[in-house]
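Raw contents of run35.pdb, PDB, C-alpha atoms and all ligand atoms:
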```
ATOM      1  CA  MET A   1      -5.158  13.063  -8.212
ATOM      2  CA  THR A   2      -8.171  11.723  -6.344
ATOM      3  CA  ASP A   3      -7.836   9.296  -3.442
ATOM      4  CA  PRO A   4      -7.128   5.811  -4.786
ATOM      5  CA  ALA A   5      -9.076   2.809  -3.586
ATOM      6  CA  TYR A   6      -7.768   0.144  -1.210
ATOM      7  CA  LEU A   7      -7.974  -3.619  -0.968
ATOM      8  CA  LEU A   8      -9.680  -4.971   2.155
ATOM      9  CA  VAL A   9      -8.629  -8.533   2.885
ATOM     10  CA  GLY A  10     -10.085 -10.869   5.471
ATOM     11  CA  ASP A  11     -11.155 -14.466   5.925
ATOM     12  CA  GLY A  12     -10.315 -15.392   2.323
ATOM     13  CA  ARG A  13     -12.278 -12.477   0.885
ATOM     14  CA  GLU A  14     -11.034  -9.373  -0.944
ATOM     15  CA  TYR A  15     -12.926  -6.155  -1.619
ATOM     16  CA  LEU A  16     -11.798  -3.093  -3.552
ATOM     17  CA  LEU A  17     -13.209  -0.161  -1.567
ATOM     18  CA  GLU A  18     -12.778   3.587  -1.418
ATOM     19  CA  PRO A  19     -12.295   5.812   1.620
ATOM     20  CA  GLY A  20     -15.728   6.602   3.082
ATOM     21  CA  ALA A  21     -17.407   3.604   1.425
ATOM     22  CA  GLU A  22     -19.988   1.470   3.243
ATOM     23  CA  PHE A  23     -20.222  -2.099   2.022
ATOM     24  CA  GLY A  24     -22.323  -5.085   3.084
ATOM     25  CA  THR A  25     -20.606  -8.476   3.254
ATOM     26  CA  ASP A  26     -21.670 -11.821   4.708
ATOM     27  CA  LEU A  27     -19.301 -10.970   7.576
ATOM     28  CA  GLY A  28     -21.140  -7.739   8.338
ATOM     29  CA  VAL A  29     -21.109  -4.154   7.099
ATOM     30  CA  ILE A  30     -17.733  -2.521   6.509
ATOM     31  CA  GLU A  31     -17.487   1.250   6.919
ATOM     32  CA  VAL A  32     -14.209   2.451   5.449
ATOM     33  CA  PRO A  33     -12.934   5.564   7.283
ATOM     34  CA  GLU A  34     -12.223   8.657   5.150
ATOM     35  CA  ASP A  35      -8.657   8.765   6.478
ATOM     36  CA  VAL A  36      -7.959   5.056   5.908
ATOM     37  CA  SER A  37      -4.465   4.000   4.839
ATOM     38  CA  GLY A  38      -2.569   0.837   4.045
ATOM     39  CA  GLY A  39      -1.827  -1.314   7.094
ATOM     40  CA  ASP A  40      -4.965  -0.232   8.989
ATOM     41  CA  VAL A  41      -7.405  -2.824  10.274
ATOM     42  CA  VAL A  42     -11.143  -2.194   9.994
ATOM     43  CA  GLU A  43     -13.943  -4.113  11.695
ATOM     44  CA  THR A  44     -17.349  -5.004  10.319
ATOM     45  CA  HIS A  45     -20.335  -4.231  12.545
ATOM     46  CA  LEU A  46     -20.180  -7.914  13.558
ATOM     47  CA  GLY A  47     -16.591  -7.524  14.753
ATOM     48  CA  GLU A  48     -14.892  -9.374  11.862
ATOM     49  CA  THR A  49     -11.575  -7.765  10.903
ATOM     50  CA  PHE A  50     -10.272  -6.803   7.477
ATOM     51  CA  GLU A  51      -6.729  -5.658   6.740
ATOM     52  CA  VAL A  52      -6.368  -2.607   4.499
ATOM     53  CA  ARG A  53      -3.789  -2.899   1.733
ATOM     54  CA  GLU A  54      -2.499  -0.450  -0.852
ATOM     55  CA  LEU A  55      -3.485  -1.653  -4.311
ATOM     56  CA  ARG A  56      -0.716  -3.215  -6.324
ATOM     57  CA  LEU A  57      -0.900  -3.955 -10.058
ATOM     58  CA  ALA A  58      -1.867  -7.603  -9.451
ATOM     59  CA  ASP A  59      -4.830  -6.436  -7.339
ATOM     60  CA  LEU A  60      -5.907  -3.972 -10.009
ATOM     61  CA  PHE A  61      -5.655  -6.718 -12.637
ATOM     62  CA  ASP A  62      -7.970  -8.882 -10.513
ATOM     63  CA  HIS A  63     -10.460  -6.237  -9.415
ATOM     64  CA  LEU A  64     -10.787  -3.402 -11.959
ATOM     65  CA  ASP A  65     -13.886  -3.424 -14.167
ATOM     66  CA  ARG A  66     -12.928  -5.096 -17.433
ATOM     67  CA  THR A  67     -13.856  -4.105 -20.952
ATOM     68  CA  GLY A  68     -11.347  -5.364 -23.510
ATOM     69  CA  ALA A  69      -9.023  -8.180 -22.440
ATOM     70  CA  PRO A  70      -6.430  -6.493 -20.226
ATOM     71  CA  MET A  71      -2.767  -7.024 -20.936
ATOM     72  CA  MET A  72      -1.314  -9.790 -18.775
ATOM     73  CA  PRO A  73       1.254  -8.733 -16.157
ATOM     74  CA  ARG A  74       3.964 -10.752 -17.943
ATOM     75  CA  ASP A  75       3.426  -8.690 -21.107
ATOM     76  CA  VAL A  76       3.183  -5.435 -19.154
ATOM     77  CA  GLY A  77       6.549  -6.267 -17.594
ATOM     78  CA  LEU A  78       8.095  -6.900 -20.969
ATOM     79  CA  VAL A  79       6.777  -3.614 -22.387
ATOM     80  CA  ILE A  80       8.008  -1.568 -19.435
ATOM     81  CA  GLY A  81      11.341  -3.359 -19.177
ATOM     82  CA  HIS A  82      12.118  -3.486 -22.865
ATOM     83  CA  ALA A  83      11.103   0.067 -23.726
ATOM     84  CA  GLY A  84      12.547   1.325 -20.436
ATOM     85  CA  ILE A  85       9.442   3.276 -19.506
ATOM     86  CA  GLY A  86       9.988   5.492 -16.489
ATOM     87  CA  ARG A  87       9.676   8.881 -14.839
ATOM     88  CA  GLY A  88       9.101  11.778 -17.187
ATOM     89  CA  ASP A  89       8.440   9.707 -20.297
ATOM     90  CA  ARG A  90       5.602  10.789 -22.571
ATOM     91  CA  VAL A  91       3.775   7.697 -23.775
ATOM     92  CA  LEU A  92       1.112   7.453 -26.478
ATOM     93  CA  ASP A  93      -1.062   4.353 -25.988
ATOM     94  CA  ALA A  94      -3.999   2.647 -27.750
ATOM     95  CA  GLY A  95      -6.408   1.100 -27.170
ATOM     96  CA  THR A  96      -6.959   1.823 -23.548
ATOM     97  CA  GLY A  97      -9.342  -1.096 -22.971
ATOM     98  CA  THR A  98      -9.470  -1.908 -19.259
ATOM     99  CA  GLY A  99      -6.367   0.209 -18.880
ATOM    100  CA  ILE A 100      -3.997  -2.175 -17.162
ATOM    101  CA  LEU A 101      -1.021  -1.209 -19.330
ATOM    102  CA  ALA A 102      -1.821   2.501 -18.964
ATOM    103  CA  VAL A 103      -2.105   2.127 -15.176
ATOM    104  CA  ALA A 104       1.226   0.318 -14.977
ATOM    105  CA  MET A 105       3.007   2.932 -17.081
ATOM    106  CA  GLY A 106       1.472   5.748 -15.065
ATOM    107  CA  ARG A 107       2.576   4.096 -11.859
ATOM    108  CA  ALA A 108       6.075   3.735 -13.332
ATOM    109  CA  GLY A 109       6.176   7.527 -13.596
ATOM    110  CA  ALA A 110       5.223   8.124 -17.225
ATOM    111  CA  GLU A 111       2.717  10.668 -18.522
ATOM    112  CA  VAL A 112       0.326   8.607 -20.624
ATOM    113  CA  THR A 113      -2.039   9.777 -23.352
ATOM    114  CA  THR A 114      -4.263   6.833 -24.171
ATOM    115  CA  TYR A 115      -7.003   6.518 -26.814
ATOM    116  CA  GLU A 116     -10.093   4.315 -26.585
ATOM    117  CA  ARG A 117     -12.527   4.365 -29.498
ATOM    118  CA  ASP A 118     -15.491   2.935 -27.575
ATOM    119  CA  PRO A 119     -17.000   5.772 -25.454
ATOM    120  CA  ASP A 120     -18.402   3.367 -22.830
ATOM    121  CA  PHE A 121     -15.040   1.599 -22.510
ATOM    122  CA  ALA A 122     -13.336   4.988 -22.196
ATOM    123  CA  ASP A 123     -15.632   5.917 -19.287
ATOM    124  CA  VAL A 124     -14.785   2.658 -17.507
ATOM    125  CA  ALA A 125     -11.084   3.266 -18.114
ATOM    126  CA  ARG A 126     -11.284   6.801 -16.648
ATOM    127  CA  GLU A 127     -12.875   5.375 -13.518
ATOM    128  CA  ASN A 128     -10.189   2.671 -13.402
ATOM    129  CA  MET A 129      -7.470   5.354 -13.551
ATOM    130  CA  ARG A 130      -9.107   7.131 -10.629
ATOM    131  CA  ILE A 131      -9.322   3.920  -8.582
ATOM    132  CA  ALA A 132      -5.680   3.152  -9.385
ATOM    133  CA  GLY A 133      -4.611   6.663  -8.351
ATOM    134  CA  VAL A 134      -3.149   7.634 -11.737
ATOM    135  CA  ASP A 135      -5.869   9.923 -13.102
ATOM    136  CA  ASP A 136      -3.451  12.859 -12.814
ATOM    137  CA  VAL A 137      -0.894  11.272 -15.159
ATOM    138  CA  VAL A 138      -3.047   9.166 -17.495
ATOM    139  CA  ASP A 139      -5.222  11.119 -19.944
ATOM    140  CA  VAL A 140      -7.916   8.795 -21.339
ATOM    141  CA  ARG A 141      -9.192  10.270 -24.610
ATOM    142  CA  THR A 142     -12.266   8.960 -26.376
ATOM    143  CA  GLY A 143     -11.307   8.457 -30.004
ATOM    144  CA  ASP A 144      -9.788   6.255 -32.652
ATOM    145  CA  LEU A 145      -6.009   6.718 -32.576
ATOM    146  CA  THR A 146      -5.652   5.868 -36.263
ATOM    147  CA  ALA A 147      -7.969   8.770 -37.086
ATOM    148  CA  GLU A 148      -6.252  11.095 -34.591
ATOM    149  CA  VAL A 149      -2.653  10.588 -35.765
ATOM    150  CA  ASP A 150      -2.592  13.583 -38.121
ATOM    151  CA  ALA A 151      -3.735  15.925 -35.354
ATOM    152  CA  LEU A 152      -1.226  14.471 -32.876
ATOM    153  CA  VAL A 153       1.690  14.757 -35.310
ATOM    154  CA  GLU A 154       0.693  18.377 -35.887
ATOM    155  CA  SER A 155       0.064  19.477 -32.315
ATOM    156  CA  GLU A 156       1.810  17.204 -29.797
ATOM    157  CA  PRO A 157       4.453  14.877 -31.323
ATOM    158  CA  ASP A 158       7.724  13.818 -29.633
ATOM    159  CA  PHE A 159       6.456  10.888 -27.621
ATOM    160  CA  ASP A 160       9.140   8.765 -25.975
ATOM    161  CA  VAL A 161       7.185   5.542 -26.372
ATOM    162  CA  LEU A 162       4.265   4.385 -28.526
ATOM    163  CA  THR A 163       2.368   1.366 -27.143
ATOM    164  CA  LEU A 164      -0.272  -0.313 -29.305
ATOM    165  CA  ASP A 165      -2.714  -3.083 -28.423
ATOM    166  CA  THR A 166      -5.236  -2.806 -31.266
ATOM    167  CA  GLY A 167      -6.199  -4.815 -34.318
ATOM    168  CA  ASP A 168      -5.192  -1.941 -36.620
ATOM    169  CA  ALA A 169      -1.823  -1.277 -34.922
ATOM    170  CA  ALA A 170       0.078  -1.403 -38.233
ATOM    171  CA  ASP A 171      -1.772   1.706 -39.469
ATOM    172  CA  VAL A 172      -0.311   3.693 -36.572
ATOM    173  CA  VAL A 173       3.106   2.017 -36.816
ATOM    174  CA  SER A 174       3.517   3.546 -40.281
ATOM    175  CA  ARG A 175       3.343   6.982 -38.600
ATOM    176  CA  ALA A 176       5.686   6.098 -35.718
ATOM    177  CA  PRO A 177       8.647   8.109 -37.136
ATOM    178  CA  GLU A 178       6.490  11.266 -36.962
ATOM    179  CA  LEU A 179       5.162  10.503 -33.463
ATOM    180  CA  LEU A 180       8.359   9.450 -31.686
ATOM    181  CA  VAL A 181      11.477  11.275 -30.566
ATOM    182  CA  SER A 182      14.805  10.058 -31.912
ATOM    183  CA  GLY A 183      15.574   6.792 -30.072
ATOM    184  CA  GLY A 184      11.956   6.463 -28.957
ATOM    185  CA  PHE A 185      10.416   3.015 -28.747
ATOM    186  CA  LEU A 186       7.475   1.308 -30.377
ATOM    187  CA  ALA A 187       5.926  -1.616 -28.457
ATOM    188  CA  ALA A 188       3.051  -3.358 -30.233
ATOM    189  CA  TYR A 189       1.131  -6.303 -28.796
ATOM    190  CA  SER A 190      -0.715  -8.783 -30.990
ATOM    191  CA  PRO A 191      -2.377 -12.050 -29.977
ATOM    192  CA  PHE A 192      -1.869 -13.470 -33.490
ATOM    193  CA  VAL A 193       1.031 -14.066 -35.861
ATOM    194  CA  GLU A 194      -0.758 -12.298 -38.713
ATOM    195  CA  GLY A 195      -1.051  -9.030 -36.789
ATOM    196  CA  THR A 196       2.554  -9.334 -35.661
ATOM    197  CA  ARG A 197       3.842  -9.865 -39.194
ATOM    198  CA  SER A 198       1.925  -6.860 -40.386
ATOM    199  CA  VAL A 199       3.456  -4.696 -37.623
ATOM    200  CA  VAL A 200       6.963  -5.999 -38.378
ATOM    201  CA  GLU A 201       6.667  -5.330 -42.110
ATOM    202  CA  THR A 202       5.233  -1.870 -41.550
ATOM    203  CA  ALA A 203       7.911  -0.996 -38.980
ATOM    204  CA  ARG A 204      10.638  -1.987 -41.444
ATOM    205  CA  GLU A 205       9.015  -0.028 -44.277
ATOM    206  CA  ALA A 206       8.742   2.988 -41.983
ATOM    207  CA  GLY A 207      12.505   2.834 -41.385
ATOM    208  CA  LEU A 208      12.364   1.898 -37.692
ATOM    209  CA  GLU A 209      15.462   0.173 -36.311
ATOM    210  CA  GLY A 210      16.019  -2.948 -34.224
ATOM    211  CA  VAL A 211      12.664  -4.459 -35.146
ATOM    212  CA  GLU A 212      12.180  -7.624 -33.087
ATOM    213  CA  SER A 213       9.181  -9.728 -32.092
ATOM    214  CA  LEU A 214       9.053 -11.794 -28.941
ATOM    215  CA  GLU A 215       6.555 -14.496 -28.171
ATOM    216  CA  THR A 216       5.571 -14.440 -24.520
ATOM    217  CA  ILE A 217       5.185 -17.895 -23.077
ATOM    218  CA  GLN A 218       5.279 -18.428 -19.349
ATOM    219  CA  ARG A 219       5.575 -21.829 -17.713
ATOM    220  CA  GLU A 220       4.605 -22.244 -14.100
ATOM    221  CA  MET A 221       6.699 -24.687 -12.049
ATOM    222  CA  ASP A 222       5.061 -27.469 -10.019
ATOM    223  CA  PHE A 223       6.774 -28.683  -6.838
ATOM    224  CA  SER A 224       5.302 -31.929  -5.501
ATOM    225  CA  GLU A 225       6.390 -34.923  -3.452
ATOM    226  CA  ARG A 226       7.258 -36.779  -6.643
ATOM    227  CA  GLY A 227       9.481 -34.091  -8.090
ATOM    228  CA  SER A 228       9.720 -30.662  -9.660
ATOM    229  CA  ARG A 229       8.873 -29.798 -13.243
ATOM    230  CA  PRO A 230       7.068 -27.259 -15.416
ATOM    231  CA  SER A 231       3.305 -27.396 -15.023
ATOM    232  CA  THR A 232       1.551 -29.583 -17.574
ATOM    233  CA  ALA A 233      -1.504 -27.296 -17.502
ATOM    234  CA  GLY A 234      -1.868 -25.011 -20.504
ATOM    235  CA  VAL A 235       0.602 -23.708 -23.036
ATOM    236  CA  GLY A 236       1.078 -20.363 -21.323
ATOM    237  CA  HIS A 237       0.996 -18.371 -24.576
ATOM    238  CA  THR A 238      -0.390 -14.856 -24.391
ATOM    239  CA  GLY A 239       0.804 -13.125 -27.528
ATOM    240  CA  TYR A 240       3.583 -11.431 -29.447
ATOM    241  CA  LEU A 241       5.289  -8.181 -28.655
ATOM    242  CA  THR A 242       7.084  -6.277 -31.369
ATOM    243  CA  PHE A 243       9.647  -3.664 -30.393
ATOM    244  CA  ALA A 244      11.400  -1.148 -32.618
ATOM    245  CA  ARG A 245      13.078   2.254 -32.310
ATOM    246  CA  ARG A 246      13.043   5.463 -34.238
ATOM    247  CA  PRO A 247      16.551   6.105 -35.592
TER     248      PRO A 247
HETATM  249  C1  LIG A 301      -7.125  -5.620 -26.046
HETATM  250  S1  LIG A 301      -7.867  -4.130 -25.546
HETATM  251  C2  LIG A 301      -6.510  -3.221 -24.868
HETATM  252  C3  LIG A 301      -6.162  -3.663 -23.464
HETATM  253  C4  LIG A 301      -5.228  -2.731 -22.754
HETATM  254  N1  LIG A 301      -3.909  -2.712 -23.353
HETATM  255  C5  LIG A 301      -5.128  -3.088 -21.281
HETATM  256  O1  LIG A 301      -4.008  -3.341 -20.792
HETATM  257  O2  LIG A 301      -6.164  -3.138 -20.582
HETATM  258  C6  LIG A 301      -8.096  -3.308 -27.090
HETATM  259  C7  LIG A 301      -8.922  -2.018 -27.000
HETATM  260  O3  LIG A 301      -8.566  -1.187 -28.082
HETATM  261  C8  LIG A 301      -9.694  -0.485 -28.538
HETATM  262  N2  LIG A 301      -9.341  -0.088 -29.908
HETATM  263  C9  LIG A 301      -9.207  -0.875 -31.000
HETATM  264  N3  LIG A 301      -8.762  -0.161 -32.045
HETATM  265  C10 LIG A 301      -8.597   1.121 -31.606
HETATM  266  C11 LIG A 301      -8.135   2.341 -32.210
HETATM  267  N4  LIG A 301      -7.754   2.374 -33.470
HETATM  268  N5  LIG A 301      -8.094   3.462 -31.439
HETATM  269  C12 LIG A 301      -8.483   3.436 -30.140
HETATM  270  N6  LIG A 301      -8.921   2.317 -29.519
HETATM  271  C13 LIG A 301      -8.970   1.173 -30.236
HETATM  272  C14 LIG A 301     -10.809  -1.492 -28.391
HETATM  273  O4  LIG A 301     -12.064  -0.845 -28.287
HETATM  274  C15 LIG A 301     -10.417  -2.220 -27.098
HETATM  275  O5  LIG A 301     -11.023  -1.624 -25.993
END
```
Could you quickly redo this structure as structure tokens?
Ligand SMILES: C[S@@+](CC[C@H](N)C(=O)[O-])C[C@H]1O[C@@H](n2cnc3c(N)ncnc32)[C@H](O)[C@@H]1O
Amino acid sequence: MTDPAYLLVGDGREYLLEPGAEFGTDLGVIEVPEDVSGGDVVETHLGETFEVRELRLADLFDHLDRTGAPMMPRDVGLVIGHAGIGRGDRVLDAGTGTGILAVAMGRAGAEVTTYERDPDFADVARENMRIAGVDDVVDVRTGDLTAEVDALVESEPDFDVLTLDTGDAADVVSRAPELLVSGGFLAAYSPFVEGTRSVVETAREAGLEGVESLETIQREMDFSERGSRPSTAGVGHTGYLTFARRP
């Protein structure tokens, strides 16, 4: 694993920087020491101070380079909690996109093999894994998972969890029984009902058990002088998550 990056926070500003980096800000030039660690304080050449923080998932969500729309933390939490992803699990994931889900699963202790069909997106995702400090446990492969399934079933099956966030997820769901260990989980995200229905029907046809779809809606609470109630801003819908298990 290469050294992960850090968050430098000061005077309402945040910068994602790596050990040894030199960076110009309107508060002066920051030189990040090679041996920097969380909790340190660094000064710009103008004497302004920045606190060094270890990157947490929320920081990575805010600061990593984005390609495809990253999975929202609320959905990441549901995937990890529902499928019980943890240390030692082998996870097969697609598409990598920005890589937020892959980062979170790697940080939870899983070994993740993730496929991204766009070569430029895959390069960004590899860099994101390095910044997040999970490049030793997350293998970003350039390729279309649907096209790679045969080879995976042949050479490296027995995944504990299959996570899908692609438009053609149902095509891979049909092969889930060959990819997963007994009791292994499928978790498929879809922003639309149509994609969700297709995953549900395919999962049932494939003989997976406990097929269930959850809509993720999150309501923020407002606390004001007048009273407390759910925020009236936005619906809070992100998408649908379908879970199922191999018998
Ligand atoms: C919505 S993004 C995934 C976001 C990701 N889960 C995250 O947390 O950042 C979807 C990505 O899947 C890729 N993709 C779509 N179909 C694919 C397939 N069959 N195999 C591999 N990648 C695919 C797209 O190029 C896109 O980058």
* To do: Grab me every residue within 9 Å of ligand LIG 301 (chain A), counting all atoms listed in the file, and send it over as number ranges by chain.
  => A: 61, 66-73, 76, 93-104, 114-119, 121-122, 125, 141-148, 163-169, 171-172, 189-191
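Minimum atom-to-atom distance to Leu16 of chain A, evaluated using all atoms listed in the file, belongs to A:Asp65 out of A:Glu201, A:Glu220, A:Asp65, A:Glu194.
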Expected selection from the PyMOL selection byres (((chain A and resi 175) around 10) and not hetatm), given as a PDB file with C-alpha atoms, in the frame of the given file:
```pdb
ATOM      1  CA  THR A 146      -5.652   5.868 -36.263  1.00  0.00           C
ATOM      2  CA  VAL A 149      -2.653  10.588 -35.765  1.00  0.00           C
ATOM      3  CA  ASP A 150      -2.592  13.583 -38.121  1.00  0.00           C
ATOM      4  CA  VAL A 153       1.690  14.757 -35.310  1.00  0.00           C
ATOM      5  CA  ALA A 170       0.078  -1.403 -38.233  1.00  0.00           C
ATOM      6  CA  ASP A 171      -1.772   1.706 -39.469  1.00  0.00           C
ATOM      7  CA  VAL A 172      -0.311   3.693 -36.572  1.00  0.00           C
ATOM      8  CA  VAL A 173       3.106   2.017 -36.816  1.00  0.00           C
ATOM      9  CA  SER A 174       3.517   3.546 -40.281  1.00  0.00           C
ATOM     10  CA  ALA A 176       5.686   6.098 -35.718  1.00  0.00           C
ATOM     11  CA  PRO A 177       8.647   8.109 -37.136  1.00  0.00           C
ATOM     12  CA  GLU A 178       6.490  11.266 -36.962  1.00  0.00           C
ATOM     13  CA  LEU A 179       5.162  10.503 -33.463  1.00  0.00           C
ATOM     14  CA  LEU A 180       8.359   9.450 -31.686  1.00  0.00           C
ATOM     15  CA  THR A 202       5.233  -1.870 -41.550  1.00  0.00           C
ATOM     16  CA  ALA A 203       7.911  -0.996 -38.980  1.00  0.00           C
ATOM     17  CA  ALA A 206       8.742   2.988 -41.983  1.00  0.00           C
TER      18      ALA A 206
END
```
* To do: Excluding Pro33 of chain A and any residue of its chain fewer than 6 positions from it, enumerate the residues within 9 Å of it, using all atoms listed in the file, and give them as a ChimeraX atom specification.
  => /A:18-21,42
Restricting it to C-alpha atoms, dump the selection as a PDB file, keeping the file's coordinate frame.
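The result, written out as out_22.pdb:
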```
ATOM      1  CA  GLU A  18     -12.778   3.587  -1.418  1.00  0.00           C
ATOM      2  CA  PRO A  19     -12.295   5.812   1.620  1.00  0.00           C
ATOM      3  CA  GLY A  20     -15.728   6.602   3.082  1.00  0.00           C
ATOM      4  CA  ALA A  21     -17.407   3.604   1.425  1.00  0.00           C
ATOM      5  CA  VAL A  42     -11.143  -2.194   9.994  1.00  0.00           C
TER       6      VAL A  42
END
```
* Decode the PyMOL selection byres (((chain A and resi 233) around 10) and not hetatm) for the given file into explicit residues and return them as a VMD selection string. => chain A and resid 219 to 220 222 230 to 232 234 to 236
Could you please take those selected residues and save C-alpha atoms as a PDB file, keeping the file's coordinate frame?
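What ended up in out-v5.pdb:
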```
ATOM      1  CA  ARG A 219       5.575 -21.829 -17.713  1.00  0.00           C
ATOM      2  CA  GLU A 220       4.605 -22.244 -14.100  1.00  0.00           C
ATOM      3  CA  ASP A 222       5.061 -27.469 -10.019  1.00  0.00           C
ATOM      4  CA  PRO A 230       7.068 -27.259 -15.416  1.00  0.00           C
ATOM      5  CA  SER A 231       3.305 -27.396 -15.023  1.00  0.00           C
ATOM      6  CA  THR A 232       1.551 -29.583 -17.574  1.00  0.00           C
ATOM      7  CA  GLY A 234      -1.868 -25.011 -20.504  1.00  0.00           C
ATOM      8  CA  VAL A 235       0.602 -23.708 -23.036  1.00  0.00           C
ATOM      9  CA  GLY A 236       1.078 -20.363 -21.323  1.00  0.00           C
TER      10      GLY A 236
END
```
* Which distance in Å separates atom CA of Ser224 of chain A and atom CA of Asp11 of chain A, to one decimal? -> 26.6 Å
* Asked: For Tyr15 of chain A, which residue among A:Val52, A:Val41, A:Leu46, A:Leu208 is the nearest when counting only C-alpha atoms?
  -> A:Val52
Residue rebuild result segment 61-67 of chain A, all heavy atoms as a PDB file, keeping the file's coordinate frame:
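Ended up saving to rebuild_2.pdb:
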```pdb
ATOM      1  N   PHE A  61      -5.373  -5.754 -11.561  1.00  0.00           N
ATOM      2  CA  PHE A  61      -5.655  -6.718 -12.637  1.00  0.00           C
ATOM      3  C   PHE A  61      -6.843  -7.602 -12.239  1.00  0.00           C
ATOM      4  O   PHE A  61      -7.715  -7.896 -13.052  1.00  0.00           O
ATOM      5  CB  PHE A  61      -4.412  -7.579 -12.907  1.00  0.00           C
ATOM      6  CG  PHE A  61      -4.576  -8.517 -14.057  1.00  0.00           C
ATOM      7  CD1 PHE A  61      -4.385  -8.073 -15.364  1.00  0.00           C
ATOM      8  CD2 PHE A  61      -4.929  -9.840 -13.850  1.00  0.00           C
ATOM      9  CE1 PHE A  61      -4.557  -8.935 -16.439  1.00  0.00           C
ATOM     10  CE2 PHE A  61      -5.113 -10.708 -14.921  1.00  0.00           C
ATOM     11  CZ  PHE A  61      -4.917 -10.251 -16.214  1.00  0.00           C
ATOM     12  N   ASP A  62      -6.888  -7.998 -10.978  1.00  0.00           N
ATOM     13  CA  ASP A  62      -7.970  -8.882 -10.513  1.00  0.00           C
ATOM     14  C   ASP A  62      -9.291  -8.149 -10.303  1.00  0.00           C
ATOM     15  O   ASP A  62     -10.361  -8.736 -10.474  1.00  0.00           O
ATOM     16  CB  ASP A  62      -7.579  -9.535  -9.175  1.00  0.00           C
ATOM     17  CG  ASP A  62      -6.528 -10.614  -9.355  1.00  0.00           C
ATOM     18  OD1 ASP A  62      -6.350 -11.081 -10.499  1.00  0.00           O
ATOM     19  OD2 ASP A  62      -5.874 -10.963  -8.362  1.00  0.00           O
ATOM     20  N   HIS A  63      -9.238  -6.878  -9.912  1.00  0.00           N
ATOM     21  CA  HIS A  63     -10.460  -6.237  -9.415  1.00  0.00           C
ATOM     22  C   HIS A  63     -11.017  -5.086 -10.248  1.00  0.00           C
ATOM     23  O   HIS A  63     -12.164  -4.685 -10.026  1.00  0.00           O
ATOM     24  CB  HIS A  63     -10.230  -5.734  -7.988  1.00  0.00           C
ATOM     25  CG  HIS A  63     -10.074  -6.849  -7.000  1.00  0.00           C
ATOM     26  ND1 HIS A  63     -11.146  -7.574  -6.535  1.00  0.00           N
ATOM     27  CD2 HIS A  63      -8.975  -7.389  -6.420  1.00  0.00           C
ATOM     28  CE1 HIS A  63     -10.709  -8.504  -5.690  1.00  0.00           C
ATOM     29  NE2 HIS A  63      -9.394  -8.409  -5.609  1.00  0.00           N
ATOM     30  N   LEU A  64     -10.225  -4.514 -11.162  1.00  0.00           N
ATOM     31  CA  LEU A  64     -10.787  -3.402 -11.959  1.00  0.00           C
ATOM     32  C   LEU A  64     -11.881  -3.926 -12.886  1.00  0.00           C
ATOM     33  O   LEU A  64     -11.843  -5.079 -13.321  1.00  0.00           O
ATOM     34  CB  LEU A  64      -9.686  -2.746 -12.807  1.00  0.00           C
ATOM     35  CG  LEU A  64      -8.692  -1.865 -12.074  1.00  0.00           C
ATOM     36  CD1 LEU A  64      -7.707  -1.242 -13.065  1.00  0.00           C
ATOM     37  CD2 LEU A  64      -9.382  -0.758 -11.267  1.00  0.00           C
ATOM     38  N   ASP A  65     -12.852  -3.063 -13.189  1.00  0.00           N
ATOM     39  CA  ASP A  65     -13.886  -3.424 -14.167  1.00  0.00           C
ATOM     40  C   ASP A  65     -13.226  -3.652 -15.521  1.00  0.00           C
ATOM     41  O   ASP A  65     -12.430  -2.815 -15.971  1.00  0.00           O
ATOM     42  CB  ASP A  65     -14.901  -2.283 -14.302  1.00  0.00           C
ATOM     43  CG  ASP A  65     -16.001  -2.416 -13.272  1.00  0.00           C
ATOM     44  OD1 ASP A  65     -16.014  -3.435 -12.559  1.00  0.00           O
ATOM     45  OD2 ASP A  65     -16.826  -1.492 -13.187  1.00  0.00           O
ATOM     46  N   ARG A  66     -13.571  -4.755 -16.162  1.00  0.00           N
ATOM     47  CA  ARG A  66     -12.928  -5.096 -17.433  1.00  0.00           C
ATOM     48  C   ARG A  66     -13.811  -4.785 -18.624  1.00  0.00           C
ATOM     49  O   ARG A  66     -15.006  -5.063 -18.610  1.00  0.00           O
ATOM     50  CB  ARG A  66     -12.581  -6.579 -17.475  1.00  0.00           C
ATOM     51  CG  ARG A  66     -11.484  -6.930 -16.530  1.00  0.00           C
ATOM     52  CD  ARG A  66     -11.066  -8.362 -16.699  1.00  0.00           C
ATOM     53  NE  ARG A  66      -9.963  -8.636 -15.779  1.00  0.00           N
ATOM     54  CZ  ARG A  66      -9.208  -9.703 -15.810  1.00  0.00           C
ATOM     55  NH1 ARG A  66      -9.436 -10.624 -16.727  1.00  0.00           N
ATOM     56  NH2 ARG A  66      -8.223  -9.871 -14.946  1.00  0.00           N
ATOM     57  N   THR A  67     -13.172  -4.256 -19.666  1.00  0.00           N
ATOM     58  CA  THR A  67     -13.856  -4.105 -20.952  1.00  0.00           C
ATOM     59  C   THR A  67     -13.131  -5.027 -21.925  1.00  0.00           C
ATOM     60  O   THR A  67     -13.414  -6.209 -21.968  1.00  0.00           O
ATOM     61  CB  THR A  67     -13.865  -2.637 -21.388  1.00  0.00           C
ATOM     62  OG1 THR A  67     -12.530  -2.136 -21.364  1.00  0.00           O
ATOM     63  CG2 THR A  67     -14.741  -1.797 -20.488  1.00  0.00           C
TER      64      THR A  67
END
```
